[in-house]
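Content type compact mmCIF, C-alpha atoms, from the file data_25.txt:
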```
# COMPACT_ATOMS: atom_id res chain seq x y z
CA MET F 293 -25.38 -8.35 75.32
CA THR F 294 -29.11 -8.37 74.61
CA SER F 295 -28.58 -6.57 71.29
CA GLU F 296 -26.02 -9.18 70.20
CA LEU F 297 -28.41 -12.03 71.03
CA LEU F 298 -31.26 -10.34 69.16
CA ASP F 299 -29.01 -9.79 66.11
CA LYS F 300 -27.92 -13.43 66.19
CA ALA F 301 -31.53 -14.62 66.44
CA LEU F 302 -32.60 -12.29 63.61
CA VAL F 303 -29.81 -13.54 61.32
CA GLU F 304 -30.61 -17.18 62.04
CA GLU F 305 -34.40 -16.95 61.69
CA ALA F 306 -34.36 -14.72 58.61
CA THR F 307 -31.75 -16.86 56.85
CA LYS F 308 -33.50 -20.13 57.75
CA LYS F 309 -36.79 -18.95 56.29
CA SER F 310 -35.40 -17.39 53.12
CA GLY F 311 -34.55 -19.75 50.28
CA LEU F 312 -32.34 -17.14 48.62
CA VAL F 313 -29.62 -14.83 49.92
CA TRP F 314 -27.55 -12.17 48.17
CA VAL F 315 -23.84 -12.73 48.77
CA LYS F 316 -21.13 -10.20 47.96
CA GLY F 317 -17.54 -11.36 48.00
CA PRO F 318 -14.47 -9.11 47.97
CA GLY F 319 -14.25 -7.24 44.66
CA VAL F 320 -17.29 -8.90 43.01
CA PRO F 321 -20.92 -7.78 42.80
CA ALA F 322 -23.60 -9.39 44.95
CA ARG F 323 -25.06 -12.60 43.57
CA ALA F 324 -28.26 -14.43 44.50
CA LEU F 325 -27.54 -17.91 45.91
CA TRP F 326 -29.82 -20.68 47.13
CA HIS F 327 -28.70 -22.10 50.46
CA ILE F 328 -29.65 -24.02 53.57
CA TRP F 329 -29.13 -23.10 57.20
CA HIS F 330 -27.08 -25.83 58.85
CA GLU F 331 -25.60 -25.81 62.36
CA GLY F 332 -25.31 -22.03 62.70
CA ALA F 333 -24.27 -21.09 59.15
CA ALA F 334 -25.63 -20.71 55.64
CA CYS F 335 -24.29 -23.49 53.41
CA VAL F 336 -24.04 -23.18 49.62
CA VAL F 337 -22.84 -25.48 46.87
CA GLY F 338 -21.53 -24.34 43.50
CA ASP F 339 -18.70 -23.68 41.05
CA GLY F 340 -19.33 -26.92 39.18
CA PRO F 341 -21.17 -27.81 35.99
CA GLY F 342 -24.88 -27.11 36.35
CA GLU F 343 -24.45 -25.44 39.75
CA GLN F 344 -24.48 -21.81 40.84
CA PRO F 345 -21.26 -19.79 40.47
CA LEU F 346 -19.51 -18.68 43.66
CA PRO F 347 -17.13 -15.93 42.47
CA GLY F 348 -15.01 -14.17 45.05
CA LEU F 349 -15.88 -16.60 47.83
CA ALA F 350 -12.60 -18.09 49.01
CA ASP F 351 -11.78 -20.03 52.16
CA GLY F 352 -11.11 -17.60 55.01
CA ALA F 353 -12.43 -14.54 53.13
CA ALA F 354 -15.19 -12.27 54.35
CA ALA F 355 -18.53 -11.92 52.60
CA GLU F 356 -21.57 -9.72 53.03
CA VAL F 357 -24.87 -11.62 53.12
CA THR F 358 -28.19 -9.87 52.59
CA VAL F 359 -31.31 -11.82 53.46
CA ARG F 360 -34.61 -11.09 51.78
CA SER F 361 -38.13 -11.73 52.97
CA LYS F 362 -39.61 -14.88 51.46
CA ASP F 363 -43.06 -13.25 51.39
CA LYS F 364 -42.39 -9.72 50.17
CA GLY F 365 -38.87 -10.00 48.72
CA GLY F 366 -37.60 -6.96 50.65
CA ARG F 367 -34.33 -6.87 52.59
CA LEU F 368 -34.59 -8.05 56.19
CA VAL F 369 -31.02 -8.07 57.44
CA SER F 370 -27.44 -7.83 56.18
CA TRP F 371 -24.68 -9.64 58.02
CA THR F 372 -20.98 -10.29 57.66
CA ALA F 373 -19.82 -13.86 57.17
CA ARG F 374 -16.56 -15.74 57.25
CA VAL F 375 -16.29 -18.17 54.33
CA VAL F 376 -15.20 -21.71 55.23
CA GLU F 377 -14.71 -24.29 52.47
CA LEU F 378 -15.61 -27.79 53.63
CA PRO F 379 -13.22 -30.53 52.47
CA PRO F 380 -15.08 -33.16 50.38
CA GLY F 381 -15.84 -36.30 52.35
CA SER F 382 -15.24 -34.74 55.76
CA GLU F 383 -17.83 -35.22 58.48
CA ALA F 384 -18.92 -31.55 58.26
CA TRP F 385 -19.13 -31.82 54.44
CA GLN F 386 -21.30 -34.95 54.60
CA ALA F 387 -23.68 -33.39 57.14
CA ALA F 388 -24.06 -30.19 55.08
CA VAL F 389 -24.47 -32.08 51.80
CA ALA F 390 -27.19 -34.30 53.29
CA ASP F 391 -29.27 -31.17 53.95
CA LEU F 392 -28.31 -29.45 50.68
CA LYS F 393 -29.32 -32.53 48.68
CA GLY F 394 -32.87 -32.30 49.99
CA LYS F 395 -33.21 -28.67 48.86
CA ARG F 396 -31.57 -28.99 45.41
CA LEU F 397 -34.27 -28.68 42.76
CA ASN F 398 -34.06 -30.19 39.27
CA ALA F 399 -30.70 -31.89 39.71
CA PRO F 400 -29.63 -33.45 36.39
CA ASP F 401 -28.15 -36.55 38.02
CA GLY F 402 -30.53 -37.28 40.93
CA GLU F 403 -28.94 -39.38 43.66
CA ALA F 404 -25.49 -39.22 42.03
CA MET F 405 -25.24 -35.47 42.62
CA THR F 406 -23.37 -35.82 45.93
CA GLY F 407 -20.58 -37.70 44.16
CA ARG F 408 -20.45 -34.97 41.50
CA TRP F 409 -20.37 -32.31 44.20
CA ALA F 410 -17.40 -34.07 45.84
CA ARG F 411 -15.50 -34.27 42.52
CA GLU F 412 -16.39 -31.00 40.79
CA CYS F 413 -17.98 -28.49 43.19
CA ARG F 414 -17.28 -26.55 46.35
CA VAL F 415 -19.41 -26.61 49.48
CA LEU F 416 -19.04 -23.44 51.54
CA ARG F 417 -20.22 -22.43 55.00
CA LEU F 418 -20.99 -18.75 55.46
CA GLU F 419 -20.53 -18.38 59.20
CA PRO F 420 -21.93 -15.20 60.81
CA THR F 421 -19.29 -13.10 62.53
CA GLY F 422 -21.90 -11.39 64.69
CA ALA F 423 -21.78 -8.08 62.83
CA THR F 424 -25.00 -6.89 61.21
CA ALA F 425 -25.06 -3.90 58.89
CA PRO F 426 -27.73 -1.22 58.96
CA LEU F 427 -30.16 -1.48 56.04
CA SER F 428 -29.81 1.29 53.49
CA ASP F 429 -32.78 3.34 52.34
CA ALA F 430 -31.26 3.45 48.85
CA SER F 431 -32.50 0.96 46.24
CA LEU F 432 -29.11 -0.79 45.77
CA ALA F 433 -30.29 -1.79 42.28
CA GLU F 434 -27.47 -2.72 39.93
CA ALA F 435 -27.20 -3.59 36.27
CA PRO F 436 -27.67 -7.32 35.59
CA LEU F 437 -24.53 -9.46 35.51
CA PRO F 438 -23.27 -10.38 32.02
CA SER F 439 -24.93 -13.53 30.70
CA PRO F 440 -25.30 -15.40 27.41
CA ALA F 441 -29.07 -15.33 27.94
CA THR F 442 -31.02 -12.88 25.82
CA THR F 443 -34.47 -11.41 25.93
CA ARG F 444 -37.06 -12.23 23.33
CA GLU F 445 -37.21 -10.00 20.27
CA PRO F 446 -40.41 -8.02 19.65
CA ALA F 447 -43.14 -9.97 17.85
CA PRO F 448 -43.36 -9.25 14.10
CA ALA F 449 -46.10 -6.76 13.24
CA GLY F 450 -48.03 -9.29 11.09
CA LEU F 451 -48.05 -12.08 13.69
CA PRO F 452 -51.26 -11.08 15.48
CA ARG F 453 -53.17 -11.12 12.14
CA LEU F 454 -51.77 -14.57 11.27
CA LEU F 455 -52.82 -15.99 14.63
CA LEU F 456 -56.26 -14.43 14.36
CA LYS F 457 -56.80 -16.07 10.93
CA ARG F 458 -55.92 -19.49 12.36
CA ARG F 459 -58.48 -19.12 15.13
CA LYS F 460 -61.19 -18.17 12.62
CA ARG F 461 -60.39 -21.24 10.50
CA ARG F 462 -60.65 -23.54 13.52
CA LYS F 463 -64.03 -22.12 14.52
CA ARG F 464 -65.44 -22.76 11.01
CA ARG F 465 -64.60 -26.48 11.13
```
Structure re-expressed in structure tokens:
Amino acid sequence: MTSELLDKALVEEATKKSGLVWVKGPGVPARALWHIWHEGAACVVGDGPGEQPLPGLADGAAAEVTVRSKDKGGRLVSWTARVVELPPGSEAWQAAVADLKGKRLNAPDGEAMTGRWARECRVLRLEPTGATAPLSDASLAEAPLPSPATTREPAPAGLPRLLLKRRKRRKRR
């Protein structure tokens, strides 16, 4: 009994303090998601334009949540969650969205985002089932997910000389 209470407290405190969790749905790789802790569960919003993708997270499915340390970035705890999709406009949805709205950074539509979330996004509760997984000593590093983003090409060999000439010209003036 004491172990279960300690696990529950660890999951709640670690998840509350971390602004980012890694969530792995059935058959899809783990993905970093921003969230809030609301009434005993991690709540996420996504799957709409400009919001985070939530692949593999379906209502009633299980998910594995790994919480990282906000200070050091290392894994603190992994726990199993039951995914619950909140119906738009419901009392539970409105309460979760009120908290999510305060944590959403750089929203393109400001105060109108809750209406957009109701029309185009999903709000999910990741409810702990009580099961925590032992932390692995392995790195668990994986290849990055496919993305249209690219890395910068190497700087042309002559660029440093060009920049240096400009600086010399400015100093002469």
>> Residues near region 361-377 of chain F, anyone? I mean within 6 Å using only C-alpha atoms, not counting same-chain ones fewer than 3 positions away, as a list in words.
In response: Ser310, Asp351, Gly352, Ala353, Ala354, Ala355, Glu356, Val357, Thr358, Leu416, Arg417, Leu418, Glu419, Pro420, Thr421, Ala423, Thr424 and Ala425 of chain F
>> Just checking: using all atoms listed in the file, which residue out of F:Glu445, F:Glu383, F:Glu343, F:Glu434 ends up closest to Leu397 (chain F)?
In response: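 Smallest distance to Leu397 (chain F) is found for F:Glu343.
Among the candidate residues F:Cys413, F:Ala404, F:Ala334, F:Ala433, the one lying nearest to Ala388 (chain F) is F:Ala334, with distances computed using all atoms listed in the file.
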In the coordinates of the file, take the point (-18.0, -30.0, 53.2) and a cut-off of 6 Å; then, counting all atoms listed in the file, name each qualifying protein, DNA or RNA residue as a tab-separated table (two decimals) with C-alpha atoms, in the frame of the given file.
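Below is the file that was written, out-v1.tsv:
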```
chain	number	residue	atom	x	y	z
F	378	LEU	CA	-15.61	-27.79	53.63
F	379	PRO	CA	-13.22	-30.53	52.47
F	380	PRO	CA	-15.08	-33.16	50.38
F	384	ALA	CA	-18.92	-31.55	58.26
F	385	TRP	CA	-19.13	-31.82	54.44
F	415	VAL	CA	-19.41	-26.61	49.48
```
>> Between CA of Gly394 (chain F) and CA of Val359 (chain F), what is the distance in Å, rounded to a tenth?
In response: 20.8 Å
